[in-house]
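Participant: Provided herewith: protein-v4.cif, mmCIF, C-alpha atoms and all ligand atoms.
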data_model
loop_
_atom_site.label_atom_id
_atom_site.label_comp_id
_atom_site.auth_asym_id
_atom_site.auth_seq_id
_atom_site.Cartn_x
_atom_site.Cartn_y
_atom_site.Cartn_z
CA MET A 1 37.15 -8.63 16.66
CA ALA A 2 36.18 -6.02 14.03
CA ASN A 3 37.85 -8.16 11.37
CA GLU A 4 35.58 -11.04 12.17
CA TYR A 5 32.56 -8.81 11.66
CA ILE A 6 33.97 -7.53 8.38
CA GLU A 7 34.54 -11.05 7.08
CA LYS A 8 31.03 -12.10 8.04
CA ALA A 9 29.52 -8.95 6.54
CA CYS A 10 31.35 -9.48 3.24
CA GLU A 11 30.05 -13.01 3.04
CA GLN A 12 26.55 -11.83 3.81
CA PHE A 13 26.86 -9.03 1.26
CA ARG A 14 27.79 -11.45 -1.52
CA ALA A 15 24.78 -13.64 -0.67
CA LEU A 16 22.50 -10.59 -0.69
CA ILE A 17 23.72 -9.43 -4.10
CA GLU A 18 23.28 -12.89 -5.57
CA GLU A 19 19.80 -13.18 -4.12
CA GLN A 20 18.74 -9.74 -5.36
CA LEU A 21 20.16 -10.43 -8.79
CA ALA A 22 18.16 -13.64 -8.97
CA ARG A 23 15.04 -11.68 -8.00
CA GLN A 24 15.71 -9.12 -10.73
CA GLU A 25 16.19 -11.89 -13.29
CA LYS A 26 12.94 -13.53 -12.31
CA MET A 27 11.13 -10.20 -12.65
CA GLU A 28 12.71 -9.62 -16.01
CA MET A 29 10.95 -12.70 -17.35
CA GLY A 30 7.67 -10.91 -16.70
CA ALA A 31 4.29 -12.35 -15.69
CA THR A 32 0.78 -12.34 -17.04
CA PRO A 33 -1.60 -10.44 -14.79
CA LYS A 34 -4.63 -12.30 -13.51
CA ASP A 35 -7.74 -11.59 -15.56
CA PHE A 36 -10.55 -11.35 -13.02
CA LYS A 37 -13.23 -10.93 -15.69
CA ALA A 38 -12.41 -14.37 -17.06
CA MET A 39 -12.56 -16.08 -13.66
CA ASP A 40 -15.60 -18.12 -12.57
CA LYS A 41 -14.88 -17.55 -8.93
CA ILE A 42 -12.97 -14.92 -6.99
CA VAL A 43 -11.84 -15.67 -3.45
CA ILE A 44 -11.44 -12.66 -1.17
CA GLY A 45 -9.43 -13.35 1.98
CA ILE A 46 -10.47 -11.32 5.03
CA VAL A 47 -7.62 -10.81 7.49
CA GLY A 48 -8.42 -9.08 10.78
CA GLY A 49 -4.96 -7.98 11.93
CA ASP A 50 -4.13 -6.43 15.32
CA GLY A 51 -5.29 -3.60 17.55
CA ILE A 52 -8.17 -1.77 15.92
CA GLY A 53 -7.82 -4.12 12.91
CA PRO A 54 -10.55 -6.63 13.82
CA ILE A 55 -12.90 -3.76 14.73
CA ILE A 56 -12.64 -1.91 11.42
CA MET A 57 -12.50 -5.19 9.47
CA GLU A 58 -15.75 -6.41 10.99
CA GLN A 59 -17.46 -3.36 9.55
CA ALA A 60 -15.70 -3.67 6.21
CA GLU A 61 -16.93 -7.25 5.95
CA ARG A 62 -20.49 -6.14 6.70
CA LEU A 63 -20.28 -3.58 3.89
CA LEU A 64 -18.87 -6.17 1.51
CA ARG A 65 -21.59 -8.68 2.34
CA LYS A 66 -24.18 -6.07 1.48
CA VAL A 67 -22.51 -4.77 -1.69
CA LEU A 68 -21.72 -8.27 -2.97
CA ALA A 69 -24.99 -9.93 -1.95
CA GLU A 70 -25.68 -11.23 -5.49
CA GLU A 71 -22.15 -12.42 -6.16
CA LEU A 72 -21.96 -14.21 -2.81
CA GLU A 73 -25.30 -15.84 -3.46
CA SER A 74 -24.34 -17.03 -6.94
CA GLY A 75 -20.90 -18.22 -5.79
CA ARG A 76 -18.99 -15.88 -8.12
CA VAL A 77 -17.33 -14.42 -5.04
CA GLU A 78 -16.36 -16.14 -1.80
CA LEU A 79 -15.32 -14.30 1.36
CA ARG A 80 -12.87 -16.38 3.35
CA ARG A 81 -11.83 -15.38 6.87
CA ILE A 82 -8.19 -15.99 7.63
CA GLU A 83 -7.24 -16.13 11.30
CA GLY A 84 -3.81 -16.19 12.87
CA LEU A 85 -2.14 -13.07 11.51
CA THR A 86 -2.02 -11.57 15.00
CA ILE A 87 0.96 -10.15 16.84
CA GLU A 88 0.54 -12.73 19.63
CA ASN A 89 0.67 -15.62 17.19
CA ARG A 90 3.48 -14.12 15.12
CA LEU A 91 5.60 -13.47 18.21
CA ALA A 92 4.91 -16.93 19.64
CA LEU A 93 5.99 -18.59 16.38
CA GLY A 94 8.75 -16.07 15.64
CA LYS A 95 7.37 -15.72 12.10
CA ALA A 96 6.31 -12.50 10.41
CA VAL A 97 3.63 -14.51 8.61
CA PRO A 98 3.11 -18.05 9.96
CA GLU A 99 3.41 -20.76 7.28
CA ASP A 100 -0.17 -22.00 7.54
CA VAL A 101 -1.50 -18.44 7.32
CA LEU A 102 0.61 -17.79 4.23
CA THR A 103 -0.69 -20.97 2.59
CA GLU A 104 -4.29 -19.88 3.25
CA ILE A 105 -3.52 -16.42 1.92
CA LYS A 106 -2.00 -17.80 -1.25
CA ALA A 107 -5.16 -19.81 -1.89
CA CYS A 108 -7.08 -16.51 -2.22
CA ASP A 109 -7.06 -14.12 -5.18
CA VAL A 110 -7.20 -10.86 -3.27
CA LEU A 111 -7.00 -9.85 0.36
CA LEU A 112 -8.67 -7.25 2.48
CA LYS A 113 -6.43 -6.83 5.48
CA GLY A 114 -6.57 -4.97 8.78
CA PRO A 115 -3.41 -3.28 10.12
CA THR A 116 -0.78 -5.51 11.72
CA THR A 117 1.55 -4.43 14.52
CA THR A 118 5.31 -4.46 13.94
CA PRO A 119 7.47 -4.43 17.08
CA LYS A 120 10.22 -1.79 17.07
CA GLY A 121 13.67 -3.37 17.08
CA GLY A 122 13.97 -7.11 17.63
CA SER A 123 14.09 -9.35 14.62
CA LEU A 124 10.44 -9.90 13.76
CA GLU A 125 9.89 -8.51 10.29
CA SER A 126 6.75 -6.55 9.49
CA ALA A 127 3.90 -8.79 8.30
CA ASN A 128 3.09 -6.20 5.64
CA VAL A 129 6.56 -6.13 4.23
CA THR A 130 6.67 -9.95 4.24
CA LEU A 131 3.34 -10.24 2.46
CA ARG A 132 4.30 -7.62 -0.11
CA ARG A 133 7.43 -9.62 -0.86
CA GLU A 134 5.88 -13.13 -0.71
CA LEU A 135 2.98 -12.12 -2.97
CA ASP A 136 5.19 -9.83 -5.09
CA LEU A 137 2.87 -6.85 -4.61
CA TYR A 138 5.03 -4.34 -6.37
CA ALA A 139 2.73 -1.35 -6.70
CA ASN A 140 1.44 0.46 -3.66
CA VAL A 141 -1.32 2.68 -4.98
CA ARG A 142 -2.71 5.45 -2.80
CA PRO A 143 -5.24 7.95 -4.10
CA VAL A 144 -5.82 11.23 -2.23
CA GLN A 145 -8.55 13.70 -3.08
CA VAL A 146 -9.61 17.07 -1.76
CA PRO A 147 -12.37 18.02 -4.21
CA GLU A 148 -12.90 21.57 -2.88
CA GLU A 149 -9.26 22.34 -3.63
CA GLY A 150 -9.10 20.50 -6.92
CA ILE A 151 -6.64 17.96 -5.49
CA ASP A 152 -6.76 14.59 -7.23
CA TRP A 153 -3.50 12.79 -6.54
CA ILE A 154 -2.51 9.21 -6.98
CA PHE A 155 0.73 7.80 -5.64
CA TYR A 156 2.47 4.83 -7.22
CA ARG A 157 4.94 3.76 -4.57
CA GLU A 158 7.38 1.01 -5.45
CA ASN A 159 6.53 -1.64 -2.90
CA THR A 160 9.00 -4.52 -3.00
CA GLU A 161 12.44 -3.00 -2.96
CA GLY A 162 14.27 0.19 -1.93
CA GLU A 163 15.15 0.31 1.77
CA TYR A 164 12.51 -2.27 2.60
CA VAL A 165 13.69 -5.36 0.80
CA LEU A 166 16.73 -5.88 3.03
CA GLY A 167 15.49 -3.77 5.92
CA SER A 168 15.89 -6.60 8.43
CA ARG A 169 19.20 -7.79 7.02
CA GLY A 170 21.67 -4.98 7.47
CA VAL A 171 25.09 -5.36 9.11
CA GLU A 172 26.30 -4.09 12.44
CA ILE A 173 29.50 -3.87 14.44
CA PRO A 174 28.03 -3.40 17.90
CA GLY A 175 28.99 -0.12 19.51
CA LYS A 176 30.69 1.01 16.29
CA LEU A 177 28.51 1.16 13.22
CA SER A 178 25.44 -0.12 11.46
CA MET A 179 24.58 -0.30 7.76
CA ASP A 180 21.33 -1.02 5.96
CA PHE A 181 20.98 -1.54 2.24
CA LYS A 182 18.81 0.01 -0.41
CA VAL A 183 18.13 -1.93 -3.60
CA THR A 184 16.82 -0.68 -6.93
CA THR A 185 16.52 -3.12 -9.79
CA GLU A 186 16.02 -2.45 -13.46
CA ALA A 187 12.96 -4.72 -13.82
CA GLY A 188 11.53 -3.66 -10.46
CA THR A 189 11.63 0.01 -11.41
CA ARG A 190 10.40 -0.57 -14.93
CA ARG A 191 7.27 -2.36 -13.75
CA ILE A 192 6.24 0.33 -11.23
CA ALA A 193 6.92 3.07 -13.79
CA ARG A 194 4.89 1.15 -16.34
CA VAL A 195 1.80 0.90 -14.11
CA ALA A 196 2.02 4.58 -13.12
CA PHE A 197 2.22 5.76 -16.72
CA GLU A 198 -0.46 3.28 -17.80
CA TYR A 199 -2.75 4.67 -15.13
CA ALA A 200 -2.04 8.21 -16.30
CA ALA A 201 -2.70 7.32 -19.94
CA ALA A 202 -5.91 5.45 -19.15
CA ASN A 203 -7.26 8.22 -16.93
CA GLY A 204 -6.58 11.32 -18.98
CA LYS A 205 -3.69 12.53 -16.83
CA ASP A 206 -0.96 14.41 -18.63
CA ARG A 207 1.74 14.72 -15.94
CA VAL A 208 3.64 12.24 -13.86
CA ALA A 209 6.01 13.43 -11.12
CA ILE A 210 9.06 11.21 -10.61
CA VAL A 211 10.12 11.82 -7.02
CA THR A 212 13.55 10.76 -5.75
CA LYS A 213 16.70 12.07 -4.09
CA ALA A 214 18.83 11.25 -7.12
CA ASN A 215 21.25 14.09 -6.35
CA ILE A 216 22.38 12.17 -3.25
CA MET A 217 21.43 8.52 -3.80
CA LYS A 218 23.15 8.41 -7.14
CA LYS A 219 23.01 4.72 -7.90
CA THR A 220 19.59 3.66 -6.62
CA ASP A 221 17.58 6.85 -7.18
CA GLY A 222 19.72 7.84 -10.15
CA ASN A 223 18.71 4.66 -11.95
CA PHE A 224 15.12 4.90 -10.75
CA THR A 225 14.89 8.31 -12.46
CA ARG A 226 16.56 7.12 -15.64
CA ILE A 227 14.30 4.09 -15.97
CA CYS A 228 11.16 6.15 -15.29
CA HIS A 229 12.17 8.48 -18.12
CA GLU A 230 12.76 5.55 -20.45
CA VAL A 231 9.25 4.37 -19.71
CA ALA A 232 7.92 7.95 -20.04
CA ALA A 233 9.31 8.06 -23.58
CA LEU A 234 6.68 5.44 -24.51
CA TYR A 235 3.96 7.92 -23.52
CA PRO A 236 4.59 11.02 -25.60
CA ASN A 237 1.39 12.74 -24.42
CA ILE A 238 2.43 12.60 -20.79
CA LYS A 239 4.96 14.97 -19.34
CA ALA A 240 7.37 13.44 -16.83
CA ASP A 241 8.79 15.88 -14.26
CA ASP A 242 11.70 15.23 -11.92
CA TRP A 243 11.35 16.29 -8.31
CA TYR A 244 13.37 15.76 -5.19
CA ILE A 245 11.50 14.33 -2.25
CA ASP A 246 12.36 17.19 0.12
CA ILE A 247 10.91 19.93 -2.05
CA MET A 248 7.96 17.74 -3.02
CA THR A 249 7.18 17.36 0.68
CA ALA A 250 7.10 21.14 0.88
CA ASN A 251 5.05 21.43 -2.32
CA LEU A 252 2.28 19.32 -0.86
CA VAL A 253 1.69 21.89 1.85
CA ASN A 254 1.85 24.76 -0.65
CA LYS A 255 -1.78 25.51 -1.42
CA ASP A 256 -0.89 27.63 -4.45
CA ILE A 257 0.62 24.84 -6.45
CA ARG A 258 -0.35 21.51 -4.99
CA ASN A 259 -3.43 20.91 -7.09
CA GLN A 260 -1.26 20.82 -10.23
CA PHE A 261 0.18 17.45 -9.31
CA GLN A 262 -1.59 14.38 -10.62
CA VAL A 263 0.31 11.09 -10.63
CA PHE A 264 3.43 10.41 -8.56
CA VAL A 265 5.87 7.56 -8.98
CA LEU A 266 8.49 7.05 -6.31
CA PRO A 267 10.74 4.62 -4.45
CA ASN A 268 9.44 2.72 -1.45
CA LEU A 269 10.50 4.75 1.59
CA TYR A 270 9.75 8.18 0.11
CA GLY A 271 6.38 6.80 -0.93
CA ASP A 272 5.74 5.57 2.59
CA ILE A 273 6.44 8.97 4.11
CA ILE A 274 4.81 11.27 1.60
CA THR A 275 1.58 9.27 1.40
CA ASP A 276 1.01 9.82 5.12
CA GLU A 277 1.51 13.53 4.52
CA ALA A 278 -0.88 13.46 1.57
CA ALA A 279 -3.48 11.51 3.54
CA GLU A 280 -3.25 14.06 6.35
CA ILE A 281 -4.04 16.82 3.84
CA GLN A 282 -7.12 14.87 2.81
CA GLY A 283 -8.35 14.68 6.37
CA GLY A 284 -6.09 12.29 8.23
CA VAL A 285 -4.32 8.99 7.74
CA GLY A 286 -7.57 7.34 8.78
CA THR A 287 -9.15 8.47 5.52
CA ALA A 288 -6.96 7.12 2.73
CA GLY A 289 -7.13 3.65 1.18
CA SER A 290 -4.14 1.66 0.05
CA ALA A 291 -3.80 -1.03 -2.60
CA ASN A 292 -0.83 -3.35 -2.91
CA MET A 293 -0.94 -4.78 -6.38
CA GLY A 294 0.97 -7.52 -8.12
CA ASP A 295 0.33 -9.66 -11.17
CA GLN A 296 -1.02 -12.67 -9.25
CA TYR A 297 -2.28 -11.19 -6.01
CA ALA A 298 -3.47 -7.90 -4.61
CA MET A 299 -3.88 -6.82 -1.02
CA PHE A 300 -6.04 -3.92 0.08
CA GLU A 301 -5.58 -2.26 3.42
CA ALA A 302 -5.89 0.86 5.49
CA ILE A 303 -2.98 3.27 5.20
CA HIS A 304 -2.70 3.55 9.00
CA GLY A 305 -1.40 1.21 11.69
CA SER A 306 -3.08 -0.81 14.43
CA ALA A 307 -3.42 2.22 16.78
CA PRO A 308 -2.27 0.70 20.10
CA ARG A 309 -3.00 4.03 21.80
CA MET A 310 -6.70 3.69 21.03
CA ILE A 311 -6.71 0.20 22.51
CA GLU A 312 -4.91 1.33 25.68
CA GLU A 313 -7.29 4.22 26.16
CA GLY A 314 -10.35 2.07 25.57
CA LEU A 315 -11.26 3.97 22.40
CA ALA A 316 -11.02 1.10 19.94
CA ASP A 317 -14.72 1.19 19.09
CA TYR A 318 -14.28 4.78 17.94
CA ALA A 319 -11.68 3.88 15.30
CA ASN A 320 -12.32 5.47 11.93
CA PRO A 321 -13.10 2.81 9.31
CA SER A 322 -12.91 5.25 6.35
CA SER A 323 -9.48 4.09 5.23
CA ILE A 324 -10.42 0.40 5.11
CA PHE A 325 -13.72 1.31 3.40
CA LYS A 326 -11.78 3.17 0.69
CA ALA A 327 -9.52 0.14 0.36
CA THR A 328 -12.66 -2.00 -0.02
CA GLU A 329 -13.81 0.25 -2.85
CA MET A 330 -10.40 -0.08 -4.55
CA MET A 331 -10.58 -3.84 -4.21
CA LEU A 332 -13.99 -4.02 -5.88
CA ARG A 333 -12.65 -1.99 -8.77
CA HIS A 334 -9.57 -4.18 -9.04
CA ILE A 335 -11.58 -7.39 -9.36
CA GLY A 336 -13.64 -5.90 -12.15
CA LEU A 337 -16.76 -4.96 -10.16
CA SER A 338 -16.52 -1.26 -10.87
CA GLN A 339 -20.25 -0.59 -10.64
CA LYS A 340 -20.25 -1.95 -7.11
CA ALA A 341 -17.16 0.11 -6.36
CA ASP A 342 -18.90 3.24 -7.67
CA LYS A 343 -21.89 2.50 -5.49
CA LEU A 344 -19.72 2.20 -2.39
CA ALA A 345 -17.74 5.31 -3.37
CA ALA A 346 -20.96 7.32 -3.75
CA ALA A 347 -22.21 6.15 -0.35
CA LEU A 348 -18.91 7.08 1.27
CA THR A 349 -18.82 10.53 -0.34
CA GLU A 350 -22.35 11.16 0.79
CA CYS A 351 -21.54 10.24 4.36
CA THR A 352 -18.17 11.93 4.67
CA GLU A 353 -18.45 14.99 2.45
CA LYS A 354 -22.10 15.85 1.97
CA GLU A 355 -24.04 14.96 5.07
CA LYS A 356 -21.31 14.89 7.72
CA ARG A 357 -24.02 13.60 10.05
CA VAL A 358 -22.01 10.83 11.65
CA VAL A 359 -18.48 11.98 12.24
CA VAL A 360 -15.83 9.63 13.55
CA THR A 361 -13.28 11.60 15.54
CA GLY A 362 -11.35 8.72 17.04
CA PHE A 363 -12.54 9.86 20.47
CA ALA A 364 -15.62 9.19 22.56
CA ASP A 365 -17.19 12.48 21.39
CA GLY A 366 -17.51 11.06 17.87
CA ALA A 367 -19.42 8.23 16.29
CA THR A 368 -18.31 4.64 16.69
CA CYS A 369 -16.90 2.64 13.85
CA ARG A 370 -20.10 0.59 13.75
CA GLU A 371 -22.37 3.66 13.71
CA PHE A 372 -20.46 5.04 10.77
CA ALA A 373 -20.76 1.70 8.94
CA ASP A 374 -24.53 1.61 9.62
CA TYR A 375 -24.79 5.06 8.13
CA VAL A 376 -22.87 4.08 5.00
CA MET A 377 -24.96 0.93 4.68
CA GLU A 378 -28.15 2.99 4.70
CA LYS A 379 -26.89 4.67 1.53
CA LEU A 380 -25.97 1.49 -0.29
C1 LIG B 401 2.46 1.60 5.15
C2 LIG B 401 2.98 1.27 6.51
C3 LIG B 401 3.95 0.11 6.38
C4 LIG B 401 5.13 0.59 5.58
C5 LIG B 401 4.39 -0.52 7.69
C6 LIG B 401 3.21 -0.99 8.49
C7 LIG B 401 5.36 -1.64 7.47
O1 LIG B 401 3.56 2.37 7.10
O2 LIG B 401 1.83 0.73 4.53
O3 LIG B 401 2.66 2.73 4.71
O4 LIG B 401 6.09 1.12 6.13
O5 LIG B 401 5.08 0.43 4.38
MG MG B 402 3.32 4.18 6.01
#
Do you think you could lay out the structure here as structure tokens?

Facilitator:
Amino acid sequence: MANEYIEKACEQFRALIEEQLARQEKMEMGATPKDFKAMDKIVIGIVGGDGIGPIIMEQAERLLRKVLAEELESGRVELRRIEGLTIENRLALGKAVPEDVLTEIKACDVLLKGPTTTPKGGSLESANVTLRRELDLYANVRPVQVPEEGIDWIFYRENTEGEYVLGSRGVEIPGKLSMDFKVTTEAGTRRIARVAFEYAAANGKDRVAIVTKANIMKKTDGNFTRICHEVAALYPNIKADDWYIDIMTANLVNKDIRNQFQVFVLPNLYGDIITDEAAEIQGGVGTAGSANMGDQYAMFEAIHGSAPRMIEEGLADYANPSSIFKATEMMLRHIGLSQKADKLAAALTECTEKEKRVVVTGFADGATCREFADYVMEKL
């Protein structure tokens, strides 16, 4: 019985290695990033998602329509609603991202996306993970700021490999053992390191923290560290520091030292975990924006999930839209409309940091998502 499993697993393992090698080779050939400034028209796909997704997305779309009034009028920008990326539809079709939805998504240039629910267990893959892979969105960029403490962090999380790339394709001998795989490729690591160091160089940052567990995960994280240092060597004015993820997690709650960190580059799973911690320090996971960037596509989303608890308790209208609003700002910057992004950023800062008049608590004692959006729109 066990032998049969071993045979099957070996076969599967060979196929996985070949597939991952092909992916690395494709990446190695490189790609030319889309130049939004040279484009006559930019199509923004609006994807509602599940749970509180459609509620926060409705408000994000209202903001966008106001900020982009001229561009929408002139036809330079089109907002295109994409339906069907819902848990009901995905479960019914047994597809993480239904084919027709994926085709519509691929016809857009960038996406603004609400959170999508991923069932625990079962075989349905996360829609996020699928989209990151299908659109090759290799850099997950998450800024976190706490101005009164001098914290200005930006996380460059590798977004297409690590534990995620084969997360639904591990092997198991029922009742005995289970194994998942972690993949680090040369080209995959080089490209995330490159964008992190480029960001640092372009934004006057002089330190990049490379965060791994290379003392334990010797192959994957060991090579991740080595490649990051090779890239760092191209940026002599930037200091690259090695950190282990466990102590870095502690450092972020150490008020005496945490404002010294600037740019972080790290493998997928560590990046997933530590960015929630960082967002919490900023004021909660509801407050941080997240960008998934690739050369052809980019997807902007809230850092948090679809909040089923809020739906169950009838609190959905009180969901905090700050995270998706920050993502909206990042998207505007990405497509080359930085003045519009600055305008939205200023309105958000005014509402959340200066005036604190309309506070969304996530409970019925706070403002609703719509009230908060109205308040931001007043400032635009
Ligand atoms: C995130 C989320 C996703 C992840 C989930 C929704 C698949 O936690 O964007 O951080 O694990 O990457
Ligand atoms: Mg996460």

Participant: Just to confirm, what's the straight-line distance from atom CA of Glu83 of chain A to atom CA of Arg62 of chain A in Å (one decimal)?

Facilitator: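 Between atom CA of Glu83 of chain A and atom CA of Arg62 of chain A the gap is 17.2 Å.
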
Participant: Mind running chain A against ligand MG 402 (chain B) at 7 Å and telling me each contacting residue's nearest atom pair with the distance in Å (one decimal), counting only C-alpha atoms and all ligand atoms, chain and number ascending, as JSON lines?

Facilitator:
{"residue": "A:Asp272", "atom": "CA", "partner": "B:MG402", "partner_atom": "MG", "distance": 4.4}
{"residue": "A:Ile273", "atom": "CA", "partner": "B:MG402", "partner_atom": "MG", "distance": 6.0}
{"residue": "A:Asp276", "atom": "CA", "partner": "B:MG402", "partner_atom": "MG", "distance": 6.2}
{"residue": "A:Ile303", "atom": "CA", "partner": "B:MG402", "partner_atom": "MG", "distance": 6.4}
{"residue": "A:His304", "atom": "CA", "partner": "B:MG402", "partner_atom": "MG", "distance": 6.8}

Participant: Name the residues, by chain letter and number, that sit within 8 Å of ligand LIG 401 (chain B) using all atoms listed in the file, and give them as number ranges by chain.

Facilitator: A: 115-118, 126-129, 159, 268-269, 271-273, 275-276, 290, 302-305

Participant: Could you give me, as a ChimeraX atom specification, the residues within 6 Å of segment 55-61 of chain A, counting all atoms listed in the file and dropping anything in the same chain fewer than 5 positions from it?

Facilitator: /A:48,114,321

Participant: Which distance in Å separates atom CA of Leu72 of chain A and atom CA of Met330 of chain A, to one decimal?

Facilitator: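 Here the two named atoms are 18.3 Å from each other.
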
Participant: Do you have the atom CA of Asn223 of chain A-atom CA of Val171 of chain A distance handy?

Facilitator: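 Distance reported for this atom pair: 24.2 Å.
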
Participant: Measuring atom to atom with all atoms listed in the file, identify which of A:Ala233, A:Glu172, A:Tyr199, A:Cys351 is nearest to Lys8 of chain A.

Facilitator: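 Closest to Lys8 of chain A of all the choices is A:Glu172.
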
Participant: Residues at most 12 Å from Ser178 of chain A, counting only C-alpha atoms, excluding those fewer than 3 positions away in the same chain, as a PDB file with C-alpha atoms, keeping the file's coordinate frame?

Facilitator:
ATOM      1  CA  TYR A   5      32.560  -8.810  11.660  1.00  0.00           C
ATOM      2  CA  ILE A   6      33.970  -7.530   8.380  1.00  0.00           C
ATOM      3  CA  ALA A   9      29.520  -8.950   6.540  1.00  0.00           C
ATOM      4  CA  GLY A 167      15.490  -3.770   5.920  1.00  0.00           C
ATOM      5  CA  SER A 168      15.890  -6.600   8.430  1.00  0.00           C
ATOM      6  CA  ARG A 169      19.200  -7.790   7.020  1.00  0.00           C
ATOM      7  CA  GLY A 170      21.670  -4.980   7.470  1.00  0.00           C
ATOM      8  CA  VAL A 171      25.090  -5.360   9.110  1.00  0.00           C
ATOM      9  CA  GLU A 172      26.300  -4.090  12.440  1.00  0.00           C
ATOM     10  CA  ILE A 173      29.500  -3.870  14.440  1.00  0.00           C
ATOM     11  CA  PRO A 174      28.030  -3.400  17.900  1.00  0.00           C
ATOM     12  CA  GLY A 175      28.990  -0.120  19.510  1.00  0.00           C
ATOM     13  CA  PHE A 181      20.980  -1.540   2.240  1.00  0.00           C
TER      14      PHE A 181
END

Participant: Could you check the closest approach to Arg133 of chain A for each of A:Phe261, A:Tyr270, A:Tyr156, A:Tyr297 and tell me which residue wins, using all atoms listed in the file?

Facilitator: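 Checking each candidate against Arg133 of chain A, we get A:Tyr297 as the closest.
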
Participant: Taking only C-alpha atoms into account, which of A:Asp109, A:Glu125, A:Ile82, A:Gly286 comes nearest Asp35 of chain A?

Facilitator: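 Result for the nearest residue to Asp35 of chain A: A:Asp109.
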
Participant: Smallest atom-to-atom distance to Met293 of chain A: which of A:Pro147, A:Ala373, A:Tyr235, A:Ala327, using all atoms listed in the file?

Facilitator: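 Distance minimum relative to Met293 of chain A lands on A:Ala327.
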
Participant: Please list as a ChimeraX atom specification every residue within 10 Å of Ala214 of chain A, counting all atoms listed in the file and excluding residues in the same chain fewer than 6 positions away.

Facilitator: /A:220-226,242-245

Participant: Which one is closest to Lys41 of chain A: A:Gln12, A:Asn215, A:Ser74, A:Gln145? Count all atoms listed in the file.

Facilitator: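 Closest to Lys41 of chain A of all the choices is A:Ser74.
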